[in-house]
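Visitor: My questions will all concern the structure given below.
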There are 2 protein chains.
Amino acid sequence: MAARARTRAGGANAPKSVAAILAALRERIANQEIPPGAKLRETELAVEFKVPRTRIREALNTLEQRRLVERIPNRGAVVSRLDYAQALQIYDLRIVLEGLAARRATENGPAARWKKELESFKGPMKAVVASNDLEPYIERYESMRRAIIAAAANPLLAEMLDNIYEKTQVLIRRILILPGRAEVGRLQHVAMLQAMASGKAQEAERLRREGLGSARLHLEKFQKYLL
Amino acid sequence: MAARARTRAGGANAPKSVAAILAALRERIANQEIPPGAKLRETELAVEFKVPRTRIREALNTLEQRRLVERIPNRGAVVSRLDYAQALQIYDLRIVLEGLAARRATENGPAARWKKELESFKGPMKAVVASNDLEPYIERYESMRRAIIAAAANPLLAEMLDNIYEKTQVLIRRILILPGRAEVGRLQHVAMLQAMASGKAQEAERLRREGLGSARLHLEKFQKYLL
DNA sequence: GGCAACACATTTGTTGACAATTTTGGCAGC
DNA sequence: GCTGCCAAAATTGTCAACAAATGTGTTGCC
């Protein structure tokens with residue numbers, strides 16, 4: 001009775017597959033539960049997840065290739081730190097990639113597909129932003145973003161965006177907190193969705209690039225507060 | 001005397017590190033030495049490279065993440081086949097990514113940096129293309145491309161382009177063979193390099209997009225001959 | 001008291017052996 | 001002669017023990 005720790009012991013989680021471990025680790029790194037610079041000890045993770053160390057090793061390998069951790073020979077893996085230059089580079093990539101996504105999504109889907117999103121950003125979200133209630137807004141934003149990427153129907157593009165987006169989730173929130181930024185962003189989304197709902201693909205791409213470009217400018221301007 | 005196969009036996013190559021194995025495999029896949037659909041047997045490769053199977057397994061893992069091979073559980077790894085839809089998607093990505101590279105390269109480097117490349121495409125390469133001598137032209141093109149990507153100074157961008165470019169090397173050659181395509185491409189490069197040598201970053205991006213866009217159109221038009 | 005060298009403990013890297021699954025080959029039956 | 005099934009071989013997946021390297025604490029010396 002005392003030391004019963006059989007099938008799924010007290011703790012919390014006991015995933016098995018490599019994919020599960022990977023997801024867990026990605027999650028933790030994304031919301032800084034494991035902060036940048038922290039060391040990932042293989043043995044430690046092995047006992048936590050209750051899998052052989054080889055499994056952890058494999059997960060660490062893919063994490064390394066996604067540049068989420070850095071690995072120094074014989075010294076282990078530490079989660080990568082995102083410096084200013086890198087952040088700007090990532091924004092450059094987001095600008096062109098999400099621009100492409102917006103264009104193709106507009107071309108692919110029926111224009112009406114975007115009416116619903118548009119109304120949400122025009123109406124309810126306006127109040128949400130005004131009340132400084134960020135979490136629901138972020139949720140809506142990410143949902144729209146995912147919808148666009150999915151509609152673009154380009155798996156490789158989706159994967160690339162996935163890889164770089166997860167490295168900036170913290171940053172995005174910090175930018176959004178900047179005074180006035182959320183409302184500016186909302187208006188930009190409205191403009192872009194309007195273009196999409198009218199089937200204007202090139203215009204949608206231009207607007208998406210403009211929107212992310214302005215976010216990038218904020219990053220440059222408020223560098224010291226953001227990183 | 002008979003069965004002496006110690007240090008580095010007859011064969012040809014005996015790399016050891018994972019990186020070396022990876023490079024070798026990437027090379028073979030790129031020039032279809034191992035054709036799409038071929039099966040990669042772990043044991044076989046392990047004997048050839050004279051490394052434990054685990055090492056091969058690791059290499060196969062990273063090859064899988066780069067989408068160069070597909071892995072079916074308990075059934076092994078086969079090199080990925082590039083279908084028409086994927087090829088188009090890759091061109092979409094090249095268009096926006098290399099467009100970005102051209103823009104940033106123009107902004108970063110001194111404009112004069114591109115004079116040399118420009119002259120080469122204006123002069124010597126004209127004759128090379130006219131004589132249908134493709135290999136030197138391709139070499140020059142790839143060298144220019146690498147220079148631009150390097151000058152863009154965005155490691156993440158460079159990596160992404162590396163990952164998708166290697167999947168299309170065969171395709172690029174086939175497009176280049178199409179009647180008139182090489183000369184059209186040369187002229188487009190001249191125009192872009194002219195913009196770069198004049199420091200016109202946005203113009204350079206536009207022209208790069210245009211050039212790759214026209215290559216993409218060729219791909220659409222001659223689909224049946226290319227794949 | 002500070003510094004260097006040594007030994008111990010911890011952590012990562014490597015390997016071969018074992019288990020599970022799929023493919024191949026052969027055989028009997030229809 | 002072809003089809004379905006069973007057994008053997010080959011191939012992939014899993015693991016735990018061993019080896020190498022690094023970090024840490026202690027001792028002895030100046």
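Naming works like this for the structure tokens: A, B, ... for the chains as they're shown, residue 1 at the start of each chain, ligands 1 onward in shown order.
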Please return, as number ranges by chain, all residues of chain A lying within 7 Å of chain C when only C-alpha atoms (C1' of nucleotides) are considered.
Guide: A: 74-76
Visitor: Write a file of the just-selected residues containing N, CA and C atoms, as a PDB file, in the first residue's frame.
Guide:
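See result-v2.pdb below for the written result:
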```pdb
ATOM      1  N   ASN A  74      29.882  15.233 -25.335  1.00  0.00           N
ATOM      2  CA  ASN A  74      30.259  14.769 -23.992  1.00  0.00           C
ATOM      3  C   ASN A  74      29.804  15.689 -22.870  1.00  0.00           C
ATOM      4  N   ARG A  75      29.044  16.722 -23.236  1.00  0.00           N
ATOM      5  CA  ARG A  75      28.637  17.631 -22.177  1.00  0.00           C
ATOM      6  C   ARG A  75      27.139  17.847 -22.111  1.00  0.00           C
ATOM      7  N   GLY A  76      26.434  17.223 -23.013  1.00  0.00           N
ATOM      8  CA  GLY A  76      24.998  17.259 -22.892  1.00  0.00           C
ATOM      9  C   GLY A  76      24.279  18.284 -23.732  1.00  0.00           C
TER      10      GLY A  76
END
```
Visitor: Near chain D, meaning an atom within 12 Å, which residues of chain B appear when counting only C-alpha atoms (C1' of nucleotides)? Write them as a list in words.
Guide: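 Interface list for chain B against chain D: Lys39, Leu40, Arg41, Glu42, Thr43, Glu44, Arg53, Thr54, Arg57, Arg71, Ile72, Pro73, Asn74, Arg75, Gly76 and Ala77 of chain B.
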Visitor: Output N, CA and C atoms of each residue in that selection to a file, as a tab-separated table (two decimals), in the first residue's frame.
Guide:
```tsv
chain	number	residue	atom	x	y	z
B	39	LYS	N	14.98	0.77	-51.33
B	39	LYS	CA	14.95	0.46	-49.91
B	39	LYS	C	16.35	0.57	-49.33
B	40	LEU	N	16.43	1.13	-48.16
B	40	LEU	CA	17.72	1.24	-47.48
B	40	LEU	C	17.76	0.23	-46.33
B	41	ARG	N	18.58	-0.77	-46.49
B	41	ARG	CA	18.66	-1.79	-45.44
B	41	ARG	C	19.74	-1.44	-44.44
B	42	GLU	N	19.38	-1.43	-43.18
B	42	GLU	CA	20.30	-0.98	-42.15
B	42	GLU	C	21.55	-1.84	-42.07
B	43	THR	N	21.33	-3.15	-42.03
B	43	THR	CA	22.46	-4.06	-41.91
B	43	THR	C	23.44	-3.88	-43.07
B	44	GLU	N	22.88	-3.83	-44.25
B	44	GLU	CA	23.67	-3.66	-45.46
B	44	GLU	C	24.60	-2.45	-45.35
B	53	ARG	N	25.22	-0.81	-36.36
B	53	ARG	CA	23.95	-0.50	-36.99
B	53	ARG	C	23.30	0.74	-36.36
B	54	THR	N	23.55	0.92	-35.09
B	54	THR	CA	22.98	2.08	-34.40
B	54	THR	C	23.34	3.38	-35.10
B	57	ARG	N	21.31	3.82	-38.08
B	57	ARG	CA	19.96	4.12	-37.62
B	57	ARG	C	19.82	5.62	-37.34
B	71	ARG	N	9.83	6.39	-43.66
B	71	ARG	CA	10.07	5.24	-42.82
B	71	ARG	C	8.76	4.62	-42.39
B	72	ILE	N	8.61	3.36	-42.73
B	72	ILE	CA	7.41	2.66	-42.33
B	72	ILE	C	7.80	1.70	-41.22
B	73	PRO	N	7.06	1.74	-40.11
B	73	PRO	CA	7.42	0.93	-38.94
B	73	PRO	C	7.61	-0.55	-39.29
B	74	ASN	N	8.70	-1.08	-38.84
B	74	ASN	CA	9.03	-2.50	-39.04
B	74	ASN	C	9.25	-2.87	-40.50
B	75	ARG	N	9.26	-1.87	-41.36
B	75	ARG	CA	9.42	-2.22	-42.77
B	75	ARG	C	10.55	-1.47	-43.43
B	76	GLY	N	11.19	-0.62	-42.69
B	76	GLY	CA	12.38	-0.01	-43.22
B	76	GLY	C	12.20	1.36	-43.85
B	77	ALA	N	13.25	1.83	-44.47
B	77	ALA	CA	13.28	3.18	-45.03
B	77	ALA	C	13.42	3.13	-46.54
```
Visitor: Taking only C-alpha atoms into account, which residues of chain B are within 10 Å of chain A, as a list of chain:residue names?
Guide: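 Therefore, the residues near the partner are B:Glu58, B:Asn61, B:Thr62, B:Gln65, B:Arg66, B:Arg67, B:Ala85, B:Gln86, B:Leu88, B:Gln89, B:Ile90, B:Asp92, B:Leu93, B:Ile95, B:Val96, B:Leu97, B:Glu98, B:Gly99, B:Leu100, B:Ala101, B:Arg104, B:Ala152, B:Ala153, B:Asn154, B:Pro155, B:Leu156, B:Leu157, B:Met160, B:Ile164.
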Visitor: Please give the complete set of residues from range 4-203 of chain A that DSSP, run on the backbone, assigns to helix (DSSP H, G or I), formatted as an NGL selection string.
Guide: :A and (18-30 or 42-49 or 53-65 or 84-108 or 111-122 or 124-130 or 134-152 or 155-165 or 169-177 or 181-197 or 201-203)
Visitor: Would you output that residue set with C-alpha atoms, as a CSV table (one decimal), in the first residue's frame?
Guide:
```csv
chain,number,residue,atom,x,y,z
A,18,VAL,CA,9.2,9.0,-28.9
A,19,ALA,CA,6.5,11.3,-30.4
A,20,ALA,CA,4.9,11.7,-27.0
A,21,ILE,CA,8.2,12.5,-25.3
A,22,LEU,CA,9.0,14.9,-28.1
A,23,ALA,CA,5.7,16.7,-27.8
A,24,ALA,CA,6.1,17.0,-24.0
A,25,LEU,CA,9.6,18.4,-24.3
A,26,ARG,CA,8.6,20.9,-27.1
A,27,GLU,CA,5.7,22.1,-25.0
A,28,ARG,CA,7.9,22.7,-21.9
A,29,ILE,CA,10.5,24.5,-23.9
A,30,ALA,CA,7.9,26.6,-25.7
A,42,GLU,CA,19.3,12.2,-20.3
A,43,THR,CA,19.2,9.9,-17.2
A,44,GLU,CA,16.9,12.3,-15.4
A,45,LEU,CA,14.4,12.4,-18.3
A,46,ALA,CA,14.6,8.7,-18.7
A,47,VAL,CA,13.5,8.0,-15.2
A,48,GLU,CA,10.8,10.6,-15.3
A,49,PHE,CA,9.2,9.3,-18.5
A,53,ARG,CA,17.7,6.3,-22.1
A,54,THR,CA,18.0,5.5,-25.8
A,55,ARG,CA,14.5,6.8,-26.3
A,56,ILE,CA,15.4,10.1,-24.7
A,57,ARG,CA,18.5,10.2,-26.8
A,58,GLU,CA,16.5,9.9,-30.0
A,59,ALA,CA,14.1,12.7,-28.9
A,60,LEU,CA,17.1,14.9,-28.1
A,61,ASN,CA,18.5,14.2,-31.5
A,62,THR,CA,15.4,15.6,-33.3
A,63,LEU,CA,15.2,18.5,-30.9
A,64,GLU,CA,18.8,19.3,-31.8
A,65,GLN,CA,18.0,19.2,-35.5
A,84,TYR,CA,18.1,39.4,-31.1
A,85,ALA,CA,19.7,38.7,-34.5
A,86,GLN,CA,18.0,35.3,-34.6
A,87,ALA,CA,14.6,36.8,-33.7
A,88,LEU,CA,14.9,39.3,-36.6
A,89,GLN,CA,15.8,36.5,-38.9
A,90,ILE,CA,12.9,34.5,-37.9
A,91,TYR,CA,10.6,37.4,-38.5
A,92,ASP,CA,12.1,37.8,-42.0
A,93,LEU,CA,11.1,34.2,-42.6
A,94,ARG,CA,7.7,34.5,-41.2
A,95,ILE,CA,7.0,37.6,-43.4
A,96,VAL,CA,7.6,35.8,-46.6
A,97,LEU,CA,6.3,32.4,-45.6
A,98,GLU,CA,3.1,33.5,-44.1
A,99,GLY,CA,2.7,35.9,-47.0
A,100,LEU,CA,2.8,32.9,-49.3
A,101,ALA,CA,0.4,31.1,-47.1
A,102,ALA,CA,-2.1,33.9,-47.2
A,103,ARG,CA,-1.9,34.1,-51.0
A,104,ARG,CA,-2.3,30.4,-51.6
A,105,ALA,CA,-5.0,30.1,-49.0
A,106,THR,CA,-7.0,32.9,-50.8
A,107,GLU,CA,-6.6,31.2,-54.1
A,108,ASN,CA,-7.5,27.7,-52.8
A,111,ALA,CA,-13.6,33.3,-50.5
A,112,ALA,CA,-16.6,33.0,-48.2
A,113,ARG,CA,-14.5,30.7,-46.0
A,114,TRP,CA,-12.9,33.8,-44.4
A,115,LYS,CA,-16.1,35.7,-43.7
A,116,LYS,CA,-16.5,34.1,-40.3
A,117,GLU,CA,-12.9,34.9,-39.2
A,118,LEU,CA,-13.3,38.4,-40.5
A,119,GLU,CA,-16.5,39.1,-38.5
A,120,SER,CA,-14.8,37.8,-35.4
A,121,PHE,CA,-11.9,40.2,-35.7
A,122,LYS,CA,-14.2,43.0,-36.7
A,124,PRO,CA,-16.0,40.5,-30.7
A,125,MET,CA,-12.2,40.8,-30.9
A,126,LYS,CA,-12.4,44.6,-30.9
A,127,ALA,CA,-14.0,44.5,-27.4
A,128,VAL,CA,-11.6,41.8,-26.3
A,129,VAL,CA,-8.6,43.8,-27.3
A,130,ALA,CA,-10.0,47.0,-25.7
A,134,LEU,CA,-4.9,38.9,-24.3
A,135,GLU,CA,-5.4,35.2,-23.9
A,136,PRO,CA,-8.7,34.9,-25.8
A,137,TYR,CA,-7.3,37.2,-28.5
A,138,ILE,CA,-4.1,35.1,-28.9
A,139,GLU,CA,-6.2,32.0,-29.1
A,140,ARG,CA,-8.3,33.4,-31.9
A,141,TYR,CA,-5.2,34.7,-33.7
A,142,GLU,CA,-3.5,31.3,-33.6
A,143,SER,CA,-6.7,29.6,-34.7
A,144,MET,CA,-6.9,32.0,-37.7
A,145,ARG,CA,-3.3,31.5,-38.5
A,146,ARG,CA,-3.6,27.7,-38.4
A,147,ALA,CA,-6.6,27.9,-40.7
A,148,ILE,CA,-4.7,30.0,-43.2
A,149,ILE,CA,-1.7,27.6,-43.2
A,150,ALA,CA,-3.9,24.6,-43.5
A,151,ALA,CA,-5.8,26.2,-46.4
A,152,ALA,CA,-2.5,26.9,-48.2
A,155,PRO,CA,2.8,20.5,-46.0
A,156,LEU,CA,6.4,21.7,-46.4
A,157,LEU,CA,5.4,25.3,-45.8
A,158,ALA,CA,3.4,24.2,-42.8
A,159,GLU,CA,6.3,22.3,-41.3
A,160,MET,CA,8.7,25.2,-41.8
A,161,LEU,CA,6.3,27.6,-40.1
A,162,ASP,CA,5.8,25.2,-37.3
A,163,ASN,CA,9.5,24.9,-36.7
A,164,ILE,CA,10.1,28.6,-36.4
A,165,TYR,CA,6.9,29.7,-34.8
A,169,GLN,CA,5.8,32.0,-28.8
A,170,VAL,CA,7.1,33.9,-25.8
A,171,LEU,CA,8.3,36.7,-28.0
A,172,ILE,CA,4.9,37.1,-29.7
A,173,ARG,CA,3.2,37.6,-26.4
A,174,ARG,CA,5.7,40.2,-25.3
A,175,ILE,CA,5.2,42.1,-28.5
A,176,LEU,CA,1.5,42.0,-28.1
A,177,ILE,CA,1.7,43.6,-24.7
A,181,ARG,CA,0.2,46.9,-30.6
A,182,ALA,CA,-2.7,44.6,-30.1
A,183,GLU,CA,-5.2,47.0,-31.7
A,184,VAL,CA,-2.9,47.8,-34.6
A,185,GLY,CA,-2.5,44.1,-35.2
A,186,ARG,CA,-6.2,43.5,-35.1
A,187,LEU,CA,-6.9,46.2,-37.7
A,188,GLN,CA,-4.2,44.6,-39.9
A,189,HIS,CA,-5.8,41.2,-39.6
A,190,VAL,CA,-9.2,42.8,-40.5
A,191,ALA,CA,-7.7,44.3,-43.6
A,192,MET,CA,-6.0,41.1,-44.6
A,193,LEU,CA,-9.1,39.0,-44.0
A,194,GLN,CA,-11.2,41.4,-46.0
A,195,ALA,CA,-8.8,40.9,-48.9
A,196,MET,CA,-9.1,37.1,-48.5
A,197,ALA,CA,-12.8,37.2,-48.3
A,201,ALA,CA,-4.8,36.8,-53.2
A,202,GLN,CA,-1.9,39.1,-54.0
A,203,GLU,CA,-3.4,41.8,-51.9
```
